[in-house]
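Working notes, structure below.
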Amino acid sequence: MHAKIISADSLDEHWFPEGCHIVEISNHPDDPQVSIARARVEVGAKTRWHLLQQTWERYLILDGQGVVEVGDLDPATVSPGDVVIIPPGTPQRIHNTGTRDLVFYAICSPRFSEACYRDLETGVA
């Protein structure tokens, strides 16, 4: 991959059926080691139980407050600056318990692909 700068103005937010809005900031085959997306969960909303196969995920909380559930860990409150580390194959979901949108970066390694995603509530890949 060549050096480049990705302008946030050129990126579009889309709805992801997991239950959040996503902006794919950096996710390209030329950079297979990592992807970065910005996720936004509306007030009171909760994402579906899901996991990523063969992919590590990290949530870096930017704004808002929520409760994250990861594998066998007790549910935990998260707020700006917190990092949630999610190993491959670990069930996860996040609930916005605050008064404004919960916004975080989802950083995946290797990069996120639809093939690694499993919705545990519907069984749909």
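If you're wondering about the labels, chains in the structure tokens are A, B, ... by order shown, residues count from 1 in each chain, ligands from 1 in order shown.
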Who sits within 12 Å of Asp30 (chain A), only C-alpha atoms, same chain under 5 positions skipped, as a list in words
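Within the cut-off, the hits are Met1, His2, Ala3, Lys4, Ser35, Pro110 and Arg111 of chain A.
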Could you write those residues out with C-alpha atoms, as a short mmCIF file (atom, residue, chain, number, x, y, z; two decimals), in the first residue's frame?
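Saved to selection_1.cif:
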data_model
loop_
_atom_site.label_atom_id
_atom_site.label_comp_id
_atom_site.auth_asym_id
_atom_site.auth_seq_id
_atom_site.Cartn_x
_atom_site.Cartn_y
_atom_site.Cartn_z
CA MET A 1 0.00 0.00 0.00
CA HIS A 2 1.20 3.47 -0.84
CA ALA A 3 1.16 6.36 1.61
CA LYS A 4 -2.15 8.21 1.49
CA SER A 35 -9.35 -1.98 9.15
CA PRO A 110 -6.73 -8.66 10.08
CA ARG A 111 -9.09 -6.28 8.30
#
Need to verify the contact set: Gly71 (chain A), 7 Å, only C-alpha atoms, exclusion of same-chain residues closer than 4 positions in sequence. Can you return it as an mmCIF file with C-alpha atoms, in the first residue's frame?
data_model
loop_
_atom_site.group_PDB
_atom_site.id
_atom_site.type_symbol
_atom_site.label_atom_id
_atom_site.label_comp_id
_atom_site.auth_asym_id
_atom_site.auth_seq_id
_atom_site.Cartn_x
_atom_site.Cartn_y
_atom_site.Cartn_z
ATOM 1 C CA THR A 90 -15.795 -14.062 21.065
ATOM 2 C CA PRO A 91 -19.513 -13.148 21.305
ATOM 3 C CA GLN A 92 -20.047 -9.420 21.773
#
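Of the residues under consideration (A:Trp56, A:Trp49, A:Phe112, A:Phe104), A:Phe112 shows the shortest atom-to-atom contact distance to Ser26 (chain A) when counting only C-alpha atoms.
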Report, in Å to a single decimal, how far apart CA of Thr77 (chain A) and CA of Gln33 (chain A) are.
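Taking CA of Gln33 (chain A) as the start and CA of Thr77 (chain A) as the end point, the length is 29.0 Å.
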In chain A, DSSP helix (DSSP H, G or I) residues written as a list of chain:residue names
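Taking chain A and keeping helix (DSSP H, G or I) only, one gets A:Ala8, A:Asp9, A:Ser10, A:Glu114, A:Ala115, A:Cys116.
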Who sits within 6 Å of Val23 (chain A), only C-alpha atoms, same chain under 6 positions skipped, as a ChimeraX atom specification
/A:12-13,37-38
When distances are computed from only C-alpha atoms, which of A:Thr97, A:Ser109, A:Ser10, A:Thr122 shows the smallest separation from Ile85 (chain A)?
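Closest to Ile85 (chain A), using only C-alpha atoms: A:Ser109.
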Please extract the residues of region 10-111 of chain A with a backbone DSSP assignment of strand (DSSP E or B) and present them as a count of residues only.
55
